[in-house]
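J.: File target_4.cif follows (mmCIF, C-alpha atoms and all ligand atoms):
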```cif
data_target
loop_
_atom_site.label_atom_id
_atom_site.label_comp_id
_atom_site.auth_asym_id
_atom_site.auth_seq_id
_atom_site.Cartn_x
_atom_site.Cartn_y
_atom_site.Cartn_z
CA MET A 1 160.88 50.21 176.43
CA LYS A 2 161.23 50.18 180.21
CA ILE A 3 164.07 48.43 182.03
CA GLU A 4 163.11 47.17 185.50
CA PHE A 5 165.30 45.08 187.80
CA ASN A 6 162.60 44.08 190.35
CA ASN A 7 164.82 43.92 193.44
CA LYS A 8 167.65 42.01 191.71
CA LEU A 9 171.02 42.35 193.45
CA VAL A 10 173.67 44.24 191.47
CA VAL A 11 177.30 44.42 192.62
CA VAL A 12 179.28 47.41 191.32
CA THR A 13 183.05 47.30 191.88
CA GLY A 14 184.53 50.81 191.98
CA GLY A 15 180.98 51.83 192.86
CA ALA A 16 182.17 54.87 194.79
CA GLY A 17 184.05 56.23 191.76
CA GLY A 18 183.03 58.65 189.02
CA ILE A 19 181.34 56.26 186.58
CA GLY A 20 180.61 53.45 189.05
CA MET A 21 178.52 55.71 191.27
CA VAL A 22 176.37 56.85 188.34
CA CYS A 23 175.90 53.19 187.35
CA ALA A 24 174.86 52.38 190.95
CA LYS A 25 172.37 55.28 190.92
CA ASN A 26 170.82 54.10 187.64
CA PHE A 27 170.38 50.54 188.90
CA LEU A 28 168.74 51.80 192.10
CA GLU A 29 166.39 53.99 190.07
CA ALA A 30 165.47 50.95 187.97
CA GLY A 31 164.44 48.99 191.08
CA ALA A 32 167.62 47.00 191.87
CA LYS A 33 169.38 46.52 195.21
CA VAL A 34 173.03 47.57 194.96
CA ALA A 35 176.21 46.47 196.75
CA ILE A 36 179.23 48.60 195.99
CA ILE A 37 182.79 47.38 196.42
CA ASP A 38 185.56 49.95 196.63
CA ILE A 39 189.02 50.38 198.11
CA SER A 40 188.10 53.75 199.65
CA SER A 41 185.97 53.60 202.81
CA GLU A 42 185.50 57.37 202.81
CA ALA A 43 184.21 57.39 199.21
CA ILE A 44 181.90 54.46 200.06
CA GLU A 45 180.44 56.39 202.99
CA ASN A 46 179.76 59.44 200.81
CA THR A 47 178.16 57.28 198.12
CA GLU A 48 175.93 55.46 200.60
CA LYS A 49 174.84 58.84 202.01
CA GLU A 50 174.08 60.23 198.56
CA LEU A 51 172.24 57.23 197.12
CA SER A 52 170.46 55.65 200.09
CA GLN A 53 167.35 57.84 199.57
CA ILE A 54 166.82 56.14 196.21
CA GLY A 55 166.95 52.50 197.31
CA GLU A 56 168.81 49.76 199.20
CA ILE A 57 172.58 50.24 198.90
CA LYS A 58 175.41 48.82 201.02
CA GLY A 59 179.15 49.42 200.71
CA TYR A 60 181.96 46.88 201.13
CA VAL A 61 185.61 47.88 201.47
CA LEU A 62 187.89 45.63 199.41
CA ASP A 63 191.12 46.05 197.48
CA ILE A 64 190.41 43.74 194.52
CA SER A 65 194.15 43.25 193.94
CA LYS A 66 194.22 41.29 197.23
CA VAL A 67 192.62 38.31 195.56
CA GLU A 68 192.66 36.11 198.66
CA ALA A 69 190.16 38.54 200.30
CA ILE A 70 187.62 38.48 197.45
CA GLY A 71 185.84 35.26 198.52
CA ALA A 72 184.98 36.54 202.00
CA THR A 73 183.59 39.82 200.63
CA VAL A 74 181.40 38.03 198.08
CA SER A 75 180.14 35.70 200.85
CA LYS A 76 179.36 38.66 203.11
CA ILE A 77 177.40 40.41 200.34
CA ARG A 78 175.34 37.23 199.75
CA GLU A 79 174.71 36.83 203.47
CA ASP A 80 173.59 40.48 203.82
CA MET A 81 171.73 41.02 200.55
CA GLY A 82 171.07 37.72 198.69
CA GLU A 83 172.30 36.05 195.49
CA ILE A 84 174.22 38.22 193.03
CA GLU A 85 172.50 38.40 189.64
CA ILE A 86 174.41 41.27 188.03
CA LEU A 87 178.09 42.25 188.34
CA ILE A 88 179.42 45.57 187.00
CA GLN A 89 183.21 45.96 187.19
CA THR A 90 184.35 49.58 187.05
CA ALA A 91 187.14 49.36 189.70
CA GLY A 92 190.38 50.30 188.08
CA LEU A 93 193.49 52.44 187.95
CA LEU A 94 193.70 55.05 185.19
CA ARG A 95 197.20 56.19 184.23
CA GLY A 96 198.74 57.99 181.29
CA GLY A 97 202.51 57.97 180.90
CA LYS A 98 205.47 57.11 178.74
CA GLY A 99 206.58 53.48 178.29
CA LEU A 100 210.23 54.24 179.11
CA GLU A 101 209.18 55.48 182.54
CA ILE A 102 207.01 52.53 183.61
CA ASP A 103 208.75 50.54 186.34
CA LYS A 104 208.07 46.92 187.24
CA ASP A 105 206.06 47.70 190.37
CA ALA A 106 203.81 50.10 188.47
CA TRP A 107 203.27 47.45 185.76
CA ASP A 108 202.35 44.78 188.35
CA LEU A 109 200.01 47.08 190.28
CA MET A 110 198.14 48.01 187.10
CA MET A 111 197.68 44.40 185.99
CA ASN A 112 196.86 43.22 189.53
CA ILE A 113 193.94 45.63 189.79
CA ASN A 114 192.61 46.08 186.24
CA THR A 115 193.01 42.51 184.99
CA ARG A 116 193.87 39.96 187.70
CA GLY A 117 191.55 41.49 190.34
CA MET A 118 188.73 41.81 187.81
CA PHE A 119 189.09 38.18 186.74
CA PHE A 120 189.04 36.77 190.27
CA VAL A 121 186.01 38.88 191.26
CA MET A 122 184.16 37.38 188.25
CA GLN A 123 185.33 33.87 189.11
CA GLU A 124 184.19 34.15 192.74
CA VAL A 125 180.78 35.60 191.84
CA ILE A 126 180.27 32.80 189.29
CA LYS A 127 181.30 30.12 191.82
CA GLN A 128 179.16 31.44 194.67
CA SER A 129 176.05 32.78 192.88
CA MET A 130 175.77 32.79 189.10
CA LYS A 131 176.75 29.14 188.53
CA ASN A 132 173.42 28.21 190.13
CA SER A 133 171.15 31.04 189.08
CA GLY A 134 172.59 32.64 185.91
CA GLY A 135 173.39 36.32 185.55
CA SER A 136 174.96 39.13 183.63
CA ILE A 137 178.40 40.75 183.89
CA VAL A 138 179.66 44.03 182.40
CA ASN A 139 183.42 44.67 182.59
CA PHE A 140 185.05 48.06 182.06
CA ALA A 141 187.66 48.05 179.30
CA SER A 142 188.69 51.30 177.60
CA MET A 143 189.25 52.70 174.14
CA ALA A 144 192.94 52.35 175.16
CA GLY A 145 192.43 48.58 175.12
CA ILE A 146 191.53 48.53 171.44
CA ARG A 147 193.72 51.24 169.86
CA GLY A 148 196.83 53.33 170.52
CA MET A 149 196.36 56.71 172.22
CA ASN A 150 198.35 59.79 173.14
CA ALA A 151 200.59 59.11 176.20
CA ALA A 152 198.71 61.80 178.14
CA MET A 153 195.55 59.67 177.93
CA ALA A 154 196.95 56.12 178.22
CA SER A 155 200.11 54.09 178.82
CA ALA A 156 201.46 50.67 177.83
CA HIS A 157 200.48 49.07 181.14
CA TYR A 158 197.01 50.67 181.25
CA SER A 159 196.33 49.74 177.61
CA ALA A 160 197.59 46.17 178.11
CA SER A 161 195.40 45.76 181.20
CA LYS A 162 192.33 46.94 179.26
CA GLY A 163 193.10 44.90 176.13
CA ALA A 164 193.13 41.88 178.42
CA VAL A 165 189.67 42.83 179.68
CA VAL A 166 188.37 42.64 176.08
CA SER A 167 189.84 39.17 175.51
CA MET A 168 188.96 37.65 178.89
CA THR A 169 185.40 38.94 178.45
CA MET A 170 185.10 36.90 175.23
CA GLN A 171 186.53 33.76 176.83
CA ALA A 172 184.38 34.11 179.94
CA ALA A 173 181.30 34.53 177.72
CA VAL A 174 182.08 31.30 175.86
CA GLU A 175 182.77 29.25 179.00
CA TRP A 176 180.05 30.57 181.29
CA ALA A 177 177.19 30.54 178.77
CA GLU A 178 176.43 27.03 180.08
CA TYR A 179 175.49 28.62 183.41
CA ARG A 180 173.21 31.16 181.61
CA VAL A 181 175.73 33.93 182.34
CA ARG A 182 176.27 36.68 179.75
CA VAL A 183 179.58 38.57 179.91
CA ASN A 184 180.10 41.84 178.01
CA ALA A 185 182.40 44.84 178.25
CA VAL A 186 182.23 48.57 177.58
CA ALA A 187 185.15 50.54 176.19
CA PRO A 188 184.68 54.24 176.92
CA GLY A 189 186.70 56.98 175.29
CA GLY A 190 187.16 60.12 177.43
CA VAL A 191 184.48 60.55 180.10
CA LYS A 192 183.71 63.82 181.90
CA THR A 193 183.88 62.55 185.49
CA LYS A 194 184.23 64.91 188.47
CA ALA A 195 187.99 64.35 188.26
CA MET A 196 187.93 66.03 184.84
CA ALA A 197 185.42 68.75 185.69
CA ASN A 198 188.06 71.38 186.43
CA MET A 199 190.34 70.55 183.51
CA GLU A 200 190.56 73.14 180.76
CA PHE A 201 190.58 71.84 177.21
CA HIS A 202 191.94 73.69 174.20
CA LYS A 203 189.16 74.51 171.76
CA THR A 204 190.62 72.08 169.21
CA ALA A 205 190.86 69.21 171.74
CA PHE A 206 187.66 67.58 170.57
CA ASP A 207 188.28 67.95 166.82
CA PRO A 208 189.25 64.25 166.42
CA ILE A 209 185.93 63.15 167.96
CA PRO A 210 183.15 63.08 165.33
CA LEU A 211 180.51 63.99 167.96
CA LYS A 212 182.89 66.77 169.23
CA LYS A 213 182.58 66.13 172.97
CA LEU A 214 183.49 63.74 175.77
CA SER A 215 180.92 61.30 177.15
CA GLU A 216 179.09 62.10 180.37
CA PRO A 217 179.13 59.29 183.01
CA GLN A 218 175.40 58.97 182.30
CA ASP A 219 176.13 58.06 178.64
CA ILE A 220 178.21 55.13 179.86
CA ALA A 221 175.70 54.07 182.55
CA ASN A 222 172.87 53.96 179.95
CA SER A 223 174.77 51.31 177.95
CA VAL A 224 175.80 49.39 181.07
CA VAL A 225 172.19 49.15 182.31
CA PHE A 226 171.05 47.96 178.86
CA LEU A 227 173.80 45.31 178.56
CA ALA A 228 173.10 44.05 182.08
CA SER A 229 169.35 43.80 181.46
CA ASP A 230 167.23 41.12 179.81
CA LYS A 231 166.79 43.50 176.85
CA ALA A 232 170.31 42.39 175.84
CA ALA A 233 169.46 38.70 176.24
CA MET A 234 171.20 37.66 173.00
CA ILE A 235 174.34 39.79 173.44
CA THR A 236 177.41 38.17 175.00
CA GLY A 237 181.18 38.38 174.63
CA GLN A 238 180.94 41.84 173.06
CA THR A 239 182.81 45.06 173.82
CA LEU A 240 180.68 48.14 173.20
CA VAL A 241 182.83 51.15 172.31
CA ILE A 242 181.35 54.42 173.64
CA ASP A 243 183.60 57.19 172.35
CA GLY A 244 181.63 59.67 170.22
CA GLY A 245 183.02 57.89 167.15
CA SER A 246 186.70 58.75 167.72
CA SER A 247 187.93 55.18 167.22
CA ILE A 248 186.41 54.92 163.72
CA VAL A 249 188.33 57.90 162.34
CA GLY A 250 191.41 57.15 160.24
CA TYR A 251 193.79 59.45 158.44
N1 LIG A 301 187.13 58.27 183.04
C1 LIG A 301 187.46 57.95 181.80
O1 LIG A 301 187.66 58.82 180.94
C2 LIG A 301 187.55 56.48 181.40
C3 LIG A 301 187.79 56.16 180.06
C4 LIG A 301 187.88 54.81 179.70
C5 LIG A 301 187.74 53.81 180.66
N2 LIG A 301 187.52 54.16 181.94
C6 LIG A 301 187.40 53.06 182.92
O2 LIG A 301 186.20 53.23 183.64
C7 LIG A 301 186.36 52.73 184.96
C8 LIG A 301 185.88 53.78 185.97
O3 LIG A 301 186.63 54.97 185.75
P1 LIG A 301 186.31 56.32 186.57
O4 LIG A 301 186.61 57.45 185.68
O5 LIG A 301 184.99 56.23 187.24
O6 LIG A 301 187.48 56.22 187.64
P2 LIG A 301 187.48 56.58 189.18
O7 LIG A 301 188.90 56.64 189.60
O8 LIG A 301 186.58 57.74 189.47
O9 LIG A 301 186.78 55.29 189.82
C9 LIG A 301 187.46 54.09 190.00
C10 LIG A 301 187.04 53.54 191.34
O10 LIG A 301 187.74 52.30 191.54
C11 LIG A 301 188.21 52.26 192.87
N3 LIG A 301 189.38 51.40 192.95
C12 LIG A 301 190.64 51.66 192.48
N4 LIG A 301 191.48 50.66 192.78
C13 LIG A 301 190.73 49.72 193.43
C14 LIG A 301 191.03 48.46 194.01
N5 LIG A 301 192.27 47.97 194.00
N6 LIG A 301 190.04 47.77 194.61
C15 LIG A 301 188.77 48.28 194.65
N7 LIG A 301 188.44 49.48 194.14
C16 LIG A 301 189.40 50.20 193.55
C17 LIG A 301 188.55 53.71 193.22
O11 LIG A 301 188.59 53.94 194.62
C18 LIG A 301 187.43 54.45 192.51
O12 LIG A 301 186.31 54.67 193.37
C19 LIG A 301 187.85 52.35 185.12
O13 LIG A 301 187.98 50.96 184.96
C20 LIG A 301 188.51 53.09 183.96
O14 LIG A 301 189.67 52.45 183.53
C21 LIG A 301 187.42 55.46 182.36
#
```
Would you mind writing the file's structure down as structure tokens?

T.:
Amino acid sequence: MKIEFNNKLVVVTGGAGGIGMVCAKNFLEAGAKVAIIDISSEAIENTEKELSQIGEIKGYVLDISKVEAIGATVSKIREDMGEIEILIQTAGLLRGGKGLEIDKDAWDLMMNINTRGMFFVMQEVIKQSMKNSGGSIVNFASMAGIRGMNAAMASAHYSASKGAVVSMTMQAAVEWAEYRVRVNAVAPGGVKTKAMANMEFHKTAFDPIPLKKLSEPQDIANSVVFLASDKAAMITGQTLVIDGGSSIVGY
């Protein structure tokens, strides 16, 4: 089975980040054009430099929590690169921490990026492009959005923001099916991004994971490319858990 995107335009939010960049690379390798949206102009520049040999990639600086700026960025992408057929939403804040220490500003920031920002990016892309031509969306949830985790790995505000991604993905899939738009999510467990590369893990750290290791960013990108493609034509509203089996283990 070969997945080929034939010059389709894919937008990847957080596309200059650990997992987003690997997703962008995979879409380019499969023949897509890619627009990345990220808050960090420096990271965008590095990503463009690294991936532009593979295919057409352009970066757009946007803080998705500033929802009033989303429309103009989506318009600019369409003007520069064409209609958006695939949207991958990896942009997000990752925070562990104890519930008693979460203050109100930290709560709002988390929800404004991971949930509110994600929703209004979807809404704008549907309004401007997908309502007319159909499409496919993959949102990043997390294992923290479907089960409790150690406070080092998650936090009440992070988990709440990701649980909301699971539920809004289902509702979006129901409502936007009439426009031939599929909406799915992925829920990774721990992923070995560059940010984790220098972390030392105790030899028992992976005991609770049946497959005994963390995912590589490539493991996540493989599922994202499949869900976004026509090979997943009958899959919508689902959250695919990618966690080496850790969420199925009970005591
Ligand atoms: N890394 C993991 O172990 C893991 C596990 C489960 C879920 N996830 C989810 O996967 C996604 C990607 O994670 P990652 O490890 O690549 O993280 P990362 O921090 O490397 O990448 C996130 C990217 O989002 C961008 N971003 C942050 N706030 C933004 C904003 N307001 N507007 C636009 N861009 C913004 C960052 O600049 C960064 O490039 C996140 O949604 C995260 O919650 C990650």

J.: Tell me which of A:Gly14, A:Pro210, A:Gly189, A:Gly31 sits closest to Gly92 in chain A, counting all atoms listed in the file.

T.: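 Comparing A:Gly14, A:Pro210, A:Gly189, A:Gly31 against Gly92 in chain A, the winner is A:Gly14.
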
J.: Neighbours of ligand LIG 301 (chain A) within 7 Å, counting all atoms listed in the file, as number ranges by chain?

T.: A: 13-20, 37-40, 43, 62-65, 90-94, 113-114, 140-143, 187-193, 195

J.: Identify, on the basis of all atoms listed in the file, every residue whose closest approach to Gly99 in chain A does not exceed 12 Å; exclude the query and any residue fewer than 5 positions from it along the same chain; express the result as a ChimeraX atom specification.

T.: /A:104,106-107,150-152,154-160

J.: For CA of Asp207 in chain A and CA of Gly163 in chain A, determine how far apart the two atoms are, in Å to one decimal place.

T.: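 Taking CA of Asp207 in chain A as the start and CA of Gly163 in chain A as the end point, the length is 25.3 Å.
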
J.: Which residues are near Val186 in chain A? Cut-off 9 Å, all atoms listed in the file, ignore same chain within fewer than 5 positions. Put them as a list in words.

T.: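 Result of the neighbour search: Val138, Asn139, Phe140, Ala141, Ser142, Met143, Val166, Ile220, Ser223, Val224, Gln238, Thr239, Leu240, Val241 and Ile242 of chain A.
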
J.: Given 4 Å on each side, where is the centre and what are the edge lengths in Å to one decimal of the axis-aligned box enclosing the listed atoms of range 37-47 of chain A, as JSON?

T.:
```
{"center_x": 183.6, "center_y": 53.4, "center_z": 199.7, "size_x": 18.9, "size_y": 20.1, "size_z": 14.6}
```

J.: Find the residue from A:Ser215, A:Val121, A:Ser129, A:Gly237 that sits nearest to Ala173 in chain A; use only C-alpha atoms when measuring.

T.: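 With only C-alpha atoms as the atom set, the closest residue is A:Gly237.
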
J.: Go through A:Val12, A:Arg180, A:Ser75, A:Leu87 and flag the residue nearest Lys58 in chain A, using all atoms listed in the file for the distances.

T.: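 For Lys58 in chain A, the nearest of the given residues is A:Val12.
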
J.: Just to confirm, what's the straight-line distance from CA of Gly135 in chain A to CA of Ala164 in chain A in Å (one decimal)?

T.: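 Going from CA of Gly135 in chain A over to CA of Ala164 in chain A, I get 21.7 Å.
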
J.: To one decimal place, how far is CA of Ala69 in chain A from CA of Ala144 in chain A in Å?

T.: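 Separating CA of Ala69 in chain A from CA of Ala144 in chain A is a distance of 28.8 Å.
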
J.: Looking at A:Ile84, A:Ile102, A:Val165, A:Ala72, which one is nearest to Ile126 in chain A, with distances taken over all atoms listed in the file?

T.: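 Looking only at the distances to Ile126 in chain A, the closest residue turns out to be A:Ile84.
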
J.: Nearest to Lys66 in chain A among A:Arg116, A:His202, A:Lys212, A:Lys131, with distances taken over only C-alpha atoms: which residue is it?

T.: A:Arg116

J.: So, counting all atoms listed in the file, which residue among A:Val249, A:Ala177, A:Leu28, A:Met122 is closest to Leu211 in chain A?

T.: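 That would be A:Val249, the residue with the smallest distance to Leu211 in chain A.
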
J.: Using all atoms listed in the file - which residues lie no farther than 10 Å from the point (183.0, 38.0, 174.6) in the file's frame? Write them as number ranges by chain.

T.: A: 165-175, 182-185, 235-239

J.: Pick out the residues sitting within 9 Å of Met81 in chain A, and hand them over as a list in words; count all atoms listed in the file, and ignore anything fewer than 3 positions along from it in its own chain.

T.: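 Counting only the stated atoms, we get Leu9, Lys33, Val34, Ala35, Lys58, Lys76, Ile77, Arg78 and Ile84 of chain A.
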
J.: List the neighbours of Gln218 in chain A out to 9 Å using only C-alpha atoms; skip same-chain residues closer than 6 positions along the sequence, and give me the result as a PyMOL selection string.

T.: chain A and resi 19+22-23+26

J.: Pick out the residues sitting within 12 Å of Pro208 in chain A, and hand them over as a list in words; count only C-alpha atoms, and ignore anything fewer than 4 positions along from it in its own chain.

T.: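 That gives Met149, Gly189, Gly190, Lys203, Thr204, Lys212, Lys213, Leu214, Asp243, Gly244, Gly245, Ser246, Ser247, Ile248, Val249, Gly250 and Tyr251 of chain A.
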
J.: Please check which residues have atoms at most 7 Å from (160.8, 44.5, 180.0) in the file's coordinates, counting only C-alpha atoms, and write them as an MDAnalysis selection string.

T.: chainID A and resid 1:4 231
